[in-house]
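Working notes for the structure below.
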Amino acid sequence: MGVDQAQPSRARRRRVAALPAEDRRQALIAATIPLLREHGITVTTRQIAEAAGVAEGTIFGVFKDKETLLRAAAVAALDPAPLLAALRAIDPEADLRQRLVEAAGLIRAHAAASGAIFHVFRGPLFANEHRSLGEIMASRCLIIGELAALMEPDAARLRRSPGIAARLLLSLVGAPRNGFGPLDEELSDEDVVSIVLDGLLVPPSDSPPAPSAPAAARSSARRARPAATGPARSSYPHKES
């Protein structure tokens, strides 16, 4: 009786095709961003390699060093493109206040996701990277531009330009939470929009603006002053003849 001597064939291990350099770069950046949020600049290349599913040496085939990768990941994490697209998608036919409340919510979510990354920019990693810092400032200008465009249809109702109103709104809602210490007061999106709009809207023409506090005080004092009776007397002493 013959015995089948055939051995089970081994499954050949196929080598995964190497990604193009730019694809490897983007994959490493994507794997680094959440680790950078969690660990800051103390994240190790081993942690990044494990998250990306590559050998540690692969990192240095794409990036000069860990710091270069971390800077690229930080800039990518603050990429405003998704936020800009969301701001453009807001219904331009909606009421101004409604449009800005929606915009404030989008900016707040973007700031919350980017909060830990801002601390990286304040540290030594970017001490001499003026180009990267310039990119961040350019991103802020793009966000202000989209906010201003959102207000432009109602520019005639504003006491100041849409650009100034946009900067005010971004300064109130675009900073990371507790970015100025433990005394921060939480403002809702509606609060922020109210602070911006109710301080900027031109008063209706049928109701004159209220007088300022000093003017109102002077007016009250004049009304309270008793009317003079008889001829006014001089305060200087009269020289008797």
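How things are named: the first chain in the structure tokens is A, the next is B, and so on; residues count from 1 in each chain; ligands count from 1 in the order shown.
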Query - All residues 12 Å or closer to Asp191 in chain A, only C-alpha atoms, same chain fewer than 5 positions away omitted, as a VMD selection string - result: chain A and resid 97 100 to 101 104 to 105 169 172 to 173 185 to 186 196 to 199
Requested in this report: Go through range 54-203 of chain A and collect every residue that DSSP, computed from the backbone, puts in alpha helix (DSSP H); the answer should be as a ChimeraX atom specification.
Outcome: /A:56-62,66-77,81-88,96-122,130-151,162-173,189-197
Requested in this report: List the neighbours of Phe121 in chain A out to 12 Å using only C-alpha atoms; skip same-chain residues closer than 5 positions along the sequence, and give me the result as a ChimeraX atom specification.
Outcome: /A:36-37,40-41,70-75,77-78,114-116,126-130,132-137
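Candidate residues A:Arg25, A:Arg167, A:Arg140, A:Arg157 were compared for distance to Ala111 in chain A, and the nearest is A:Arg140, using only C-alpha atoms.
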Requested in this report: Please identify all polymer residues within 10 Å of Arg99 in chain A, counting only C-alpha atoms, omitting same-chain residues fewer than 3 positions from it, and present them as JSON, numbers by chain.
Outcome: {"A": [87, 90, 91, 92, 93, 94, 95, 96, 102, 103, 104, 147, 150, 151, 193]}
**Report entry** Atom pair CA of Ser194 in chain A / CA of Ser161 in chain A: separation (Å)
**Finding:**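 CA of Ser194 in chain A sits 16.6 Å away from CA of Ser161 in chain A.
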Considering only C-alpha atoms, return as a PDB file with N, CA and C atoms, in the first residue's frame whatever protein or nucleic-acid residues lie within 7 Å of range 64-68 of chain A, sequence-local ones (same chain, fewer than 4 positions apart) excluded.
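See out09.pdb below for the written result:
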ATOM      1  N   THR A  45      10.470  56.704  18.461  1.00  0.00           N
ATOM      2  CA  THR A  45      10.345  56.196  17.096  1.00  0.00           C
ATOM      3  C   THR A  45       9.850  54.753  17.103  1.00  0.00           C
ATOM      4  N   PHE A  60      13.596  56.452   9.219  1.00  0.00           N
ATOM      5  CA  PHE A  60      14.777  57.231   8.852  1.00  0.00           C
ATOM      6  C   PHE A  60      15.109  57.118   7.370  1.00  0.00           C
ATOM      7  N   ALA A  72       6.602  67.678  11.086  1.00  0.00           N
ATOM      8  CA  ALA A  72       5.683  67.444   9.967  1.00  0.00           C
ATOM      9  C   ALA A  72       4.318  66.998  10.478  1.00  0.00           C
ATOM     10  N   LEU A 125      10.882  72.272  20.022  1.00  0.00           N
ATOM     11  CA  LEU A 125      10.848  71.617  18.714  1.00  0.00           C
ATOM     12  C   LEU A 125      10.738  72.628  17.586  1.00  0.00           C
TER      13      LEU A 125
END
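Separating CA of Ser188 in chain A from CA of His110 in chain A is a distance of 15.1 Å.
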